[in-house]
$ cat protein-v1.cif   # mmCIF, C-alpha atoms and all ligand atoms
data_my_file
#
loop_
_atom_site.group_PDB
_atom_site.id
_atom_site.type_symbol
_atom_site.label_atom_id
_atom_site.label_comp_id
_atom_site.auth_asym_id
_atom_site.auth_seq_id
_atom_site.Cartn_x
_atom_site.Cartn_y
_atom_site.Cartn_z
ATOM 1 C CA MET A 1 -13.941 -140.722 -119.443
ATOM 2 C CA LYS A 2 -14.838 -139.709 -115.898
ATOM 3 C CA ILE A 3 -18.586 -140.067 -115.240
ATOM 4 C CA ILE A 4 -20.447 -138.187 -112.502
ATOM 5 C CA ILE A 5 -24.100 -139.092 -111.980
ATOM 6 C CA ALA A 6 -26.023 -136.274 -110.330
ATOM 7 C CA GLU A 7 -29.310 -136.783 -108.528
ATOM 8 C CA ASP A 8 -31.129 -134.297 -110.781
ATOM 9 C CA TYR A 9 -30.693 -131.338 -113.122
ATOM 10 C CA ASP A 10 -30.060 -128.914 -110.242
ATOM 11 C CA GLU A 11 -27.171 -130.963 -108.908
ATOM 12 C CA LEU A 12 -25.809 -131.397 -112.427
ATOM 13 C CA SER A 13 -25.804 -127.601 -112.855
ATOM 14 C CA VAL A 14 -24.093 -127.018 -109.489
ATOM 15 C CA ARG A 15 -21.342 -129.504 -110.295
ATOM 16 C CA ALA A 16 -20.827 -128.102 -113.783
ATOM 17 C CA ALA A 17 -20.681 -124.540 -112.430
ATOM 18 C CA SER A 18 -17.960 -125.463 -109.894
ATOM 19 C CA PHE A 19 -15.987 -127.052 -112.702
ATOM 20 C CA ILE A 20 -15.997 -123.843 -114.738
ATOM 21 C CA ILE A 21 -15.528 -121.493 -111.780
ATOM 22 C CA ASP A 22 -12.484 -123.540 -110.655
ATOM 23 C CA THR A 23 -11.038 -123.294 -114.161
ATOM 24 C CA VAL A 24 -11.437 -119.500 -114.228
ATOM 25 C CA LYS A 25 -10.064 -119.071 -110.707
ATOM 26 C CA ARG A 26 -7.000 -121.158 -111.507
ATOM 27 C CA LYS A 27 -6.491 -119.389 -114.832
ATOM 28 C CA PRO A 28 -8.163 -115.954 -115.002
ATOM 29 C CA ASP A 29 -7.320 -115.639 -118.721
ATOM 30 C CA ALA A 30 -8.669 -119.080 -119.611
ATOM 31 C CA THR A 31 -10.254 -119.753 -122.998
ATOM 32 C CA LEU A 32 -13.616 -121.450 -122.595
ATOM 33 C CA GLY A 33 -15.402 -123.266 -125.390
ATOM 34 C CA LEU A 34 -19.132 -122.767 -124.746
ATOM 35 C CA ALA A 35 -22.381 -124.337 -125.895
ATOM 36 C CA THR A 36 -25.959 -123.171 -126.279
ATOM 37 C CA GLY A 37 -29.103 -125.268 -125.763
ATOM 38 C CA THR A 38 -31.301 -126.020 -122.790
ATOM 39 C CA THR A 39 -28.824 -128.120 -120.834
ATOM 40 C CA PRO A 40 -26.307 -125.401 -119.839
ATOM 41 C CA LEU A 41 -28.957 -122.842 -118.826
ATOM 42 C CA GLY A 42 -28.893 -123.857 -115.131
ATOM 43 C CA LEU A 43 -25.109 -123.768 -115.148
ATOM 44 C CA TYR A 44 -25.064 -120.293 -116.756
ATOM 45 C CA GLN A 45 -27.497 -119.015 -114.099
ATOM 46 C CA LEU A 46 -25.132 -120.267 -111.404
ATOM 47 C CA LEU A 47 -22.104 -118.636 -113.047
ATOM 48 C CA ILE A 48 -24.005 -115.336 -113.007
ATOM 49 C CA GLN A 49 -25.026 -115.851 -109.376
ATOM 50 C CA ASP A 50 -21.440 -116.630 -108.386
ATOM 51 C CA HIS A 51 -20.141 -113.595 -110.301
ATOM 52 C CA ASN A 52 -22.613 -111.351 -108.457
ATOM 53 C CA ARG A 53 -22.085 -112.876 -105.030
ATOM 54 C CA ASN A 54 -18.414 -113.814 -105.048
ATOM 55 C CA GLY A 55 -16.993 -111.561 -107.740
ATOM 56 C CA THR A 56 -15.479 -114.261 -109.947
ATOM 57 C CA SER A 57 -14.227 -112.197 -112.848
ATOM 58 C CA TYR A 58 -14.359 -112.955 -116.571
ATOM 59 C CA LYS A 59 -12.544 -109.769 -117.611
ATOM 60 C CA GLN A 60 -9.634 -111.670 -119.088
ATOM 61 C CA VAL A 61 -11.550 -114.770 -120.168
ATOM 62 C CA ARG A 62 -12.001 -115.613 -123.836
ATOM 63 C CA CYS A 63 -14.995 -117.591 -125.051
ATOM 64 C CA VAL A 64 -15.431 -119.432 -128.318
ATOM 65 C CA ASN A 65 -18.789 -120.917 -129.162
ATOM 66 C CA LEU A 66 -19.424 -124.212 -130.870
ATOM 67 C CA ASP A 67 -21.940 -123.349 -133.510
ATOM 68 C CA GLU A 68 -24.316 -120.873 -135.128
ATOM 69 C CA TYR A 69 -27.261 -121.129 -137.482
ATOM 70 C CA LYS A 70 -26.408 -120.189 -141.062
ATOM 71 C CA GLY A 71 -28.576 -117.313 -142.235
ATOM 72 C CA LEU A 72 -29.378 -115.821 -138.811
ATOM 73 C CA SER A 73 -27.781 -112.536 -137.806
ATOM 74 C CA SER A 74 -26.311 -112.104 -134.325
ATOM 75 C CA THR A 75 -29.293 -109.885 -133.431
ATOM 76 C CA HIS A 76 -31.914 -112.509 -134.394
ATOM 77 C CA ASN A 77 -33.495 -113.747 -131.173
ATOM 78 C CA GLN A 78 -32.934 -117.388 -132.116
ATOM 79 C CA SER A 79 -29.283 -116.948 -133.091
ATOM 80 C CA TYR A 80 -26.763 -118.533 -130.783
ATOM 81 C CA ALA A 81 -24.896 -115.219 -130.536
ATOM 82 C CA TYR A 82 -28.077 -113.667 -129.085
ATOM 83 C CA PHE A 83 -28.598 -116.657 -126.775
ATOM 84 C CA MET A 84 -25.100 -116.277 -125.320
ATOM 85 C CA ARG A 85 -25.460 -112.549 -124.742
ATOM 86 C CA LYS A 86 -28.877 -112.850 -123.088
ATOM 87 C CA ASN A 87 -28.210 -115.943 -121.010
ATOM 88 C CA LEU A 88 -24.635 -115.302 -119.964
ATOM 89 C CA PHE A 89 -22.380 -112.592 -121.333
ATOM 90 C CA GLU A 90 -24.563 -109.562 -120.528
ATOM 91 C CA HIS A 91 -24.574 -110.613 -116.886
ATOM 92 C CA LEU A 92 -20.818 -111.091 -116.498
ATOM 93 C CA ASP A 93 -17.914 -108.669 -116.795
ATOM 94 C CA ILE A 94 -16.634 -110.410 -119.936
ATOM 95 C CA ASP A 95 -15.318 -108.188 -122.721
ATOM 96 C CA LEU A 96 -17.661 -108.947 -125.650
ATOM 97 C CA ASN A 97 -14.707 -108.462 -128.006
ATOM 98 C CA ASN A 98 -13.301 -111.644 -126.462
ATOM 99 C CA ALA A 99 -16.435 -113.699 -127.158
ATOM 100 C CA TYR A 100 -16.293 -115.400 -130.539
ATOM 101 C CA ILE A 101 -18.871 -117.261 -132.591
ATOM 102 C CA GLU A 102 -19.264 -118.091 -136.272
ATOM 103 C CA ASN A 103 -20.888 -115.324 -138.325
ATOM 104 C CA GLY A 104 -24.231 -116.725 -139.502
ATOM 105 C CA MET A 105 -24.481 -113.965 -142.117
ATOM 106 C CA ALA A 106 -21.024 -114.388 -143.675
ATOM 107 C CA GLU A 107 -21.223 -114.032 -147.453
ATOM 108 C CA ASP A 108 -18.572 -116.630 -148.148
ATOM 109 C CA GLY A 109 -19.328 -119.735 -146.072
ATOM 110 C CA GLN A 110 -16.029 -121.463 -146.803
ATOM 111 C CA ALA A 111 -14.002 -118.368 -145.902
ATOM 112 C CA GLU A 112 -15.971 -118.112 -142.653
ATOM 113 C CA CYS A 113 -15.063 -121.710 -141.743
ATOM 114 C CA GLU A 114 -11.400 -120.976 -142.442
ATOM 115 C CA ARG A 115 -11.524 -117.796 -140.365
ATOM 116 C CA TYR A 116 -12.979 -119.715 -137.433
ATOM 117 C CA ASP A 117 -10.389 -122.502 -137.666
ATOM 118 C CA LYS A 118 -7.601 -119.909 -137.531
ATOM 119 C CA LEU A 119 -9.230 -118.358 -134.493
ATOM 120 C CA LEU A 120 -9.396 -121.748 -132.763
ATOM 121 C CA GLU A 121 -5.695 -122.264 -133.480
ATOM 122 C CA ARG A 122 -4.893 -118.852 -132.056
ATOM 123 C CA PHE A 123 -6.888 -119.453 -128.863
ATOM 124 C CA PRO A 124 -6.487 -123.051 -127.690
ATOM 125 C CA ARG A 125 -9.331 -123.947 -125.366
ATOM 126 C CA ASP A 126 -8.595 -124.800 -121.732
ATOM 127 C CA LEU A 127 -12.070 -126.237 -121.349
ATOM 128 C CA GLN A 128 -14.728 -127.188 -123.857
ATOM 129 C CA LEU A 129 -18.318 -127.458 -122.634
ATOM 130 C CA LEU A 130 -20.615 -129.753 -124.630
ATOM 131 C CA GLY A 131 -24.255 -130.790 -124.670
ATOM 132 C CA LEU A 132 -25.473 -134.012 -126.255
ATOM 133 C CA GLY A 133 -28.038 -134.391 -129.034
ATOM 134 C CA SER A 134 -30.583 -137.191 -128.666
ATOM 135 C CA ASN A 135 -29.045 -138.697 -131.842
ATOM 136 C CA GLY A 136 -25.531 -138.505 -130.364
ATOM 137 C CA HIS A 137 -24.505 -135.258 -132.045
ATOM 138 C CA ILE A 138 -22.074 -132.843 -130.442
ATOM 139 C CA ALA A 139 -22.193 -129.232 -131.555
ATOM 140 C CA PHE A 140 -23.907 -129.641 -134.957
ATOM 141 C CA ASN A 141 -21.797 -132.643 -135.897
ATOM 142 C CA GLU A 142 -24.542 -135.026 -136.927
ATOM 143 C CA PRO A 143 -24.115 -138.817 -137.230
ATOM 144 C CA ASN A 144 -21.497 -139.812 -139.835
ATOM 145 C CA THR A 145 -19.534 -136.556 -139.606
ATOM 146 C CA PRO A 146 -15.858 -137.472 -140.140
ATOM 147 C CA PHE A 147 -13.850 -137.584 -136.923
ATOM 148 C CA ASP A 148 -11.175 -135.422 -138.570
ATOM 149 C CA SER A 149 -13.595 -132.595 -139.395
ATOM 150 C CA THR A 150 -12.776 -128.955 -138.690
ATOM 151 C CA THR A 151 -15.234 -126.015 -138.853
ATOM 152 C CA HIS A 152 -17.789 -126.709 -141.568
ATOM 153 C CA ILE A 153 -21.334 -126.046 -142.759
ATOM 154 C CA VAL A 154 -23.852 -128.792 -142.039
ATOM 155 C CA ASP A 155 -27.262 -129.691 -143.349
ATOM 156 C CA LEU A 156 -29.264 -130.269 -140.175
ATOM 157 C CA THR A 157 -31.020 -133.627 -139.865
ATOM 158 C CA GLU A 158 -34.779 -133.894 -139.545
ATOM 159 C CA SER A 159 -34.397 -135.036 -135.917
ATOM 160 C CA THR A 160 -32.302 -131.977 -134.968
ATOM 161 C CA ILE A 161 -34.651 -129.591 -136.788
ATOM 162 C CA LYS A 162 -37.528 -131.179 -134.882
ATOM 163 C CA ASP A 163 -35.699 -131.042 -131.503
ATOM 164 C CA ASN A 164 -34.796 -127.368 -132.050
ATOM 165 C CA SER A 165 -38.184 -126.295 -133.400
ATOM 166 C CA ARG A 166 -39.493 -125.946 -129.828
ATOM 167 C CA LEU A 167 -37.592 -122.659 -129.628
ATOM 168 C CA PHE A 168 -39.014 -121.229 -132.871
ATOM 169 C CA ALA A 169 -42.541 -120.032 -133.677
ATOM 170 C CA ASN A 170 -42.919 -123.017 -136.009
ATOM 171 C CA ILE A 171 -40.781 -125.729 -137.559
ATOM 172 C CA ALA A 172 -40.589 -123.940 -140.929
ATOM 173 C CA GLU A 173 -38.582 -121.134 -139.290
ATOM 174 C CA VAL A 174 -35.758 -123.408 -138.141
ATOM 175 C CA PRO A 175 -32.739 -122.841 -140.415
ATOM 176 C CA LYS A 176 -31.751 -125.882 -142.451
ATOM 177 C CA GLN A 177 -28.011 -125.297 -142.183
ATOM 178 C CA ALA A 178 -25.519 -124.299 -139.523
ATOM 179 C CA TYR A 179 -21.837 -123.624 -138.957
ATOM 180 C CA THR A 180 -20.202 -125.938 -136.498
ATOM 181 C CA MET A 181 -16.850 -126.523 -134.926
ATOM 182 C CA GLY A 182 -15.677 -129.907 -136.214
ATOM 183 C CA LEU A 183 -14.977 -133.031 -134.200
ATOM 184 C CA LYS A 184 -11.219 -132.702 -134.590
ATOM 185 C CA SER A 185 -11.394 -129.126 -133.301
ATOM 186 C CA ILE A 186 -13.521 -130.168 -130.329
ATOM 187 C CA MET A 187 -11.012 -132.882 -129.411
ATOM 188 C CA GLN A 188 -8.185 -130.313 -129.368
ATOM 189 C CA ALA A 189 -9.517 -128.728 -126.154
ATOM 190 C CA ARG A 190 -7.353 -129.534 -123.115
ATOM 191 C CA LYS A 191 -10.358 -130.587 -121.031
ATOM 192 C CA ILE A 192 -13.876 -131.479 -122.043
ATOM 193 C CA LEU A 193 -16.983 -131.204 -119.889
ATOM 194 C CA MET A 194 -20.024 -132.905 -121.386
ATOM 195 C CA LEU A 195 -23.479 -132.458 -119.801
ATOM 196 C CA ALA A 196 -26.601 -134.511 -120.458
ATOM 197 C CA SER A 197 -29.950 -134.316 -118.718
ATOM 198 C CA GLY A 198 -33.260 -136.115 -119.125
ATOM 199 C CA ALA A 199 -34.547 -139.484 -120.258
ATOM 200 C CA ASN A 200 -34.477 -138.492 -123.946
ATOM 201 C CA LYS A 201 -30.655 -138.479 -123.736
ATOM 202 C CA ALA A 202 -30.334 -141.882 -122.037
ATOM 203 C CA ASP A 203 -29.913 -143.890 -125.222
ATOM 204 C CA ALA A 204 -27.253 -141.536 -126.634
ATOM 205 C CA VAL A 205 -25.417 -141.483 -123.277
ATOM 206 C CA TYR A 206 -25.387 -145.267 -123.143
ATOM 207 C CA LYS A 207 -24.048 -145.596 -126.693
ATOM 208 C CA MET A 208 -21.491 -142.815 -126.190
ATOM 209 C CA VAL A 209 -20.017 -144.559 -123.136
ATOM 210 C CA LYS A 210 -20.472 -148.247 -123.905
ATOM 211 C CA CYS A 211 -20.439 -148.746 -127.665
ATOM 212 C CA LYS A 212 -17.432 -148.973 -129.914
ATOM 213 C CA THR A 213 -16.255 -145.542 -131.051
ATOM 214 C CA GLY A 214 -17.657 -144.818 -134.493
ATOM 215 C CA GLU A 215 -18.656 -141.952 -136.762
ATOM 216 C CA ASN A 216 -22.292 -143.113 -136.612
ATOM 217 C CA LEU A 217 -22.329 -141.694 -133.056
ATOM 218 C CA PRO A 218 -20.267 -138.459 -133.043
ATOM 219 C CA ALA A 219 -20.153 -138.229 -129.218
ATOM 220 C CA SER A 220 -18.375 -141.593 -129.017
ATOM 221 C CA ILE A 221 -15.182 -139.803 -130.131
ATOM 222 C CA LEU A 222 -14.976 -138.476 -126.561
ATOM 223 C CA GLN A 223 -13.874 -141.948 -125.394
ATOM 224 C CA ARG A 224 -10.540 -141.038 -127.018
ATOM 225 C CA HIS A 225 -10.070 -137.764 -125.140
ATOM 226 C CA LYS A 226 -7.514 -137.825 -122.315
ATOM 227 C CA ASP A 227 -9.396 -135.501 -119.961
ATOM 228 C CA CYS A 228 -13.137 -135.734 -120.484
ATOM 229 C CA THR A 229 -15.695 -135.484 -117.669
ATOM 230 C CA LEU A 230 -19.310 -136.393 -118.213
ATOM 231 C CA ILE A 231 -21.881 -135.010 -115.773
ATOM 232 C CA ILE A 232 -25.323 -136.527 -116.238
ATOM 233 C CA ASP A 233 -28.456 -136.685 -114.149
ATOM 234 C CA LYS A 234 -30.104 -139.955 -113.157
ATOM 235 C CA GLU A 235 -32.595 -139.833 -116.001
ATOM 236 C CA ALA A 236 -29.876 -139.432 -118.624
ATOM 237 C CA ALA A 237 -27.932 -142.195 -116.876
ATOM 238 C CA GLY A 238 -30.956 -144.537 -117.152
ATOM 239 C CA GLY A 239 -29.342 -146.789 -119.744
ATOM 240 C CA LEU A 240 -26.111 -147.092 -117.747
ATOM 241 C CA ILE A 241 -27.831 -147.721 -114.407
ATOM 242 C CA ASN A 242 -30.369 -150.249 -115.685
ATOM 243 C CA GLN A 243 -28.062 -152.234 -117.926
HETATM 244 C C1 LIG B 301 -25.443 -126.239 -128.897
HETATM 245 C C2 LIG B 301 -24.999 -127.500 -129.424
HETATM 246 C C3 LIG B 301 -25.864 -128.710 -129.446
HETATM 247 C C4 LIG B 301 -26.545 -128.988 -128.115
HETATM 248 C C5 LIG B 301 -27.347 -130.283 -128.161
HETATM 249 C C6 LIG B 301 -28.142 -130.498 -126.887
HETATM 250 O O1 LIG B 301 -24.434 -125.241 -129.028
HETATM 251 O O2 LIG B 301 -23.912 -127.555 -129.874
HETATM 252 O O3 LIG B 301 -25.094 -129.827 -129.815
HETATM 253 O O4 LIG B 301 -25.582 -129.062 -127.110
HETATM 254 O O5 LIG B 301 -28.226 -130.269 -129.251
HETATM 255 O O6 LIG B 301 -29.102 -129.482 -126.791
HETATM 256 P P1 LIG B 301 -29.990 -129.281 -125.482
HETATM 257 O O7 LIG B 301 -29.047 -128.880 -124.390
HETATM 258 O O8 LIG B 301 -30.941 -128.199 -125.825
HETATM 259 O O9 LIG B 301 -30.639 -130.594 -125.201
#
$ encode --input "protein-v1.cif" --output "structure tokens"
Amino acid sequence: MKIIIAEDYDELSVRAASFIIDTVKRKPDATLGLATGTTPLGLYQLLIQDHNRNGTSYKQVRCVNLDEYKGLSSTHNQSYAYFMRKNLFEHLDIDLNNAYIENGMAEDGQAECERYDKLLERFPRDLQLLGLGSNGHIAFNEPNTPFDSTTHIVDLTESTIKDNSRLFANIAEVPKQAYTMGLKSIMQARKILMLASGANKADAVYKMVKCKTGENLPASILQRHKDCTLIIDKEAAGGLINQ
């Protein structure tokens, strides 16, 4: 795992943006695995800025997202589909038909997972972007998710519901289940770029990098990936720096 420690969140975002822009410039029809959450927002702003200023084009790019709340439609303002459109896709020249995400409203949950797995097979990811949960989750793969998992429905843990409730009117509105790409599927990406910012991630970052790989900390699986880069700011690196 290659680790880059940025001075602060702004530098983290700049470095992450160059990583993605380089990927798209080298391969204009790249498939990008994308994440939602607070961490990539700065990076997405910079991708938009670069697209406007330098014309980097996403016309041929495909995007596949990690996860979606079960029970929210793509027009719900807390759905991840909505988040991606508002914070990134609407500001780029990407063809929205090439931007995929699980269907939170699918009637048959199992069939939806199978559909998404087939899609991931059809479009191998050149780069997978990840954020890190304070409990070590990646996508919605909570602690003790099997390492060989593919797309599945998860019951969200109390800690994740609490972390995510800041974006909802109140905690009762946070869905209790979600669709998520599995850990095996995440590991199939050619390159992985993991971002973590802030002191509340320091413990998970430390365990992900230093502790023995184990299903109790989903992100530790990344130690086994051949081409994984971790960009963290100094606060998230606290545990590594002060050890
Ligand atoms: C989002 C996702 C989550 C987040 C993680 C960190 O698609 O898969 O695993 O990456 O919860 O979230 P933030 O960036 O909000 O701290």
$ residues_around --input "protein-v1.cif" --residues "segment 67-80 of chain A" --least-positions-apart "3" --cutoff "8 Å" --atoms "all atoms listed in the file" --output "count of residues only"
21
$ closest_residue --input "protein-v1.cif" --among "A:Cys228, A:Glu11, A:Thr31, A:Glu215" --to "Ser197 of chain A" --atoms "only C-alpha atoms"
A:Glu11
$ closest_residue --input "protein-v1.cif" --among "A:Asn164, A:Arg62, A:Thr39, A:Val24" --to "Leu195 of chain A" --atoms "all atoms listed in the file"
A:Thr39
$ closest_residue --input "protein-v1.cif" --among "A:Ser134, A:Thr145, A:Asn216, A:Ser159" --to "Gly198 of chain A" --atoms "all atoms listed in the file"
A:Ser134
$ resolve_selection --input "protein-v1.cif" --expression "the PyMOL selection byres (((chain A and resi 40-55) around 12) and not hetatm)" --output "MDAnalysis selection string"
chainID A and resid 8:22 24:25 34:39 56:59 83:94 129:132 193:197 231:232
$ closest_residue --input "protein-v1.cif" --among "A:Ala6, A:Leu32, A:Leu230, A:Leu66" --to "ligand LIG 301 (chain B)" --atoms "only C-alpha atoms and all ligand atoms"
A:Leu66
$ residues_near_point --input "protein-v1.cif" --point "(-8.4, -141.2, -123.2)" --cutoff "12 Å" --atoms "all atoms listed in the file" --output "MDAnalysis selection string"
chainID A and resid 1:2 187 190:192 213 220:229
$ atom_distance --input "protein-v1.cif" --atom1 "atom CA of Lys234 of chain A" --atom2 "atom CA of Ile3 of chain A"
11.7 Å
$ closest_residue --input "protein-v1.cif" --among "A:Asp126, A:Glu142, A:Asp95, A:Glu158" --to "ligand LIG 301 (chain B)" --atoms "all atoms listed in the file"
A:Glu142
$ closest_residue --input "protein-v1.cif" --among "A:Asn65, A:Leu120, A:Gln110, A:Ala236" --to "ligand LIG 301 (chain B)" --atoms "only C-alpha atoms and all ligand atoms"
A:Asn65
$ atom_distance --input "protein-v1.cif" --atom1 "atom CA of Ala172 of chain A" --atom2 "atom CA of Glu112 of chain A"
25.4 Å
$ atom_distance --input "protein-v1.cif" --atom1 "atom CA of Glu173 of chain A" --atom2 "atom CA of Ala106 of chain A"
19.3 Å
$ axis_aligned_box --input "protein-v1.cif" --around "segment 124-143 of chain A" --padding-each-side "4 Å" --output "lines of an AutoDock Vina configuration file"
center_x = -18.5
center_y = -130.9
center_z = -129.3
size_x = 32.1
size_y = 23.8
size_z = 23.9
$ build_atoms --input "protein-v1.cif" --residues "segment 191-200 of chain A" --atoms "all heavy atoms" --output "tab-separated table (two decimals), in the frame of the given file"
chain	number	residue	atom	x	y	z
A	191	LYS	N	-9.39	-129.84	-121.85
A	191	LYS	CA	-10.36	-130.59	-121.03
A	191	LYS	C	-11.71	-130.49	-121.71
A	191	LYS	O	-12.02	-129.45	-122.31
A	191	LYS	CB	-10.53	-129.90	-119.67
A	191	LYS	CG	-9.57	-130.30	-118.60
A	191	LYS	CD	-9.98	-129.52	-117.33
A	191	LYS	CE	-8.85	-129.49	-116.32
A	191	LYS	NZ	-8.68	-130.74	-115.63
A	192	ILE	N	-12.51	-131.53	-121.52
A	192	ILE	CA	-13.88	-131.48	-122.04
A	192	ILE	C	-14.85	-131.77	-120.91
A	192	ILE	O	-14.62	-132.65	-120.07
A	192	ILE	CB	-14.06	-132.49	-123.19
A	192	ILE	CG1	-13.24	-132.02	-124.40
A	192	ILE	CG2	-15.54	-132.65	-123.56
A	192	ILE	CD1	-13.42	-132.82	-125.67
A	193	LEU	N	-15.91	-130.97	-120.86
A	193	LEU	CA	-16.98	-131.20	-119.89
A	193	LEU	C	-18.27	-131.39	-120.68
A	193	LEU	O	-18.75	-130.47	-121.34
A	193	LEU	CB	-17.12	-129.99	-118.95
A	193	LEU	CG	-18.27	-130.03	-117.97
A	193	LEU	CD1	-18.14	-131.21	-117.01
A	193	LEU	CD2	-18.34	-128.74	-117.17
A	194	MET	N	-18.79	-132.61	-120.64
A	194	MET	CA	-20.02	-132.90	-121.39
A	194	MET	C	-21.17	-133.03	-120.39
A	194	MET	O	-21.04	-133.70	-119.36
A	194	MET	CB	-19.81	-134.20	-122.18
A	194	MET	CG	-20.99	-135.08	-122.40
A	194	MET	SD	-22.13	-134.45	-123.63
A	194	MET	CE	-21.39	-135.02	-125.14
A	195	LEU	N	-22.30	-132.39	-120.68
A	195	LEU	CA	-23.48	-132.46	-119.80
A	195	LEU	C	-24.63	-133.11	-120.55
A	195	LEU	O	-24.83	-132.85	-121.74
A	195	LEU	CB	-23.93	-131.05	-119.40
A	195	LEU	CG	-22.89	-130.12	-118.78
A	195	LEU	CD1	-23.55	-128.77	-118.44
A	195	LEU	CD2	-22.28	-130.73	-117.53
A	196	ALA	N	-25.38	-133.95	-119.85
A	196	ALA	CA	-26.60	-134.51	-120.46
A	196	ALA	C	-27.65	-134.69	-119.37
A	196	ALA	O	-27.37	-135.18	-118.28
A	196	ALA	CB	-26.31	-135.84	-121.14
A	197	SER	N	-28.86	-134.26	-119.69
A	197	SER	CA	-29.95	-134.32	-118.72
A	197	SER	C	-31.23	-134.84	-119.37
A	197	SER	O	-31.53	-134.46	-120.51
A	197	SER	CB	-30.19	-132.90	-118.18
A	197	SER	OG	-31.41	-132.84	-117.49
A	198	GLY	N	-31.94	-135.68	-118.66
A	198	GLY	CA	-33.26	-136.12	-119.12
A	198	GLY	C	-33.25	-137.47	-119.82
A	198	GLY	O	-32.25	-137.88	-120.41
A	199	ALA	N	-34.42	-138.12	-119.73
A	199	ALA	CA	-34.55	-139.48	-120.26
A	199	ALA	C	-34.34	-139.55	-121.77
A	199	ALA	O	-33.89	-140.58	-122.29
A	199	ALA	CB	-35.93	-140.03	-119.89
A	200	ASN	N	-34.63	-138.45	-122.47
A	200	ASN	CA	-34.48	-138.49	-123.95
A	200	ASN	C	-33.01	-138.54	-124.38
A	200	ASN	O	-32.70	-138.73	-125.55
A	200	ASN	CB	-35.20	-137.32	-124.62
A	200	ASN	CG	-34.59	-135.98	-124.25
A	200	ASN	OD1	-34.11	-135.80	-123.12
A	200	ASN	ND2	-34.59	-135.04	-125.17
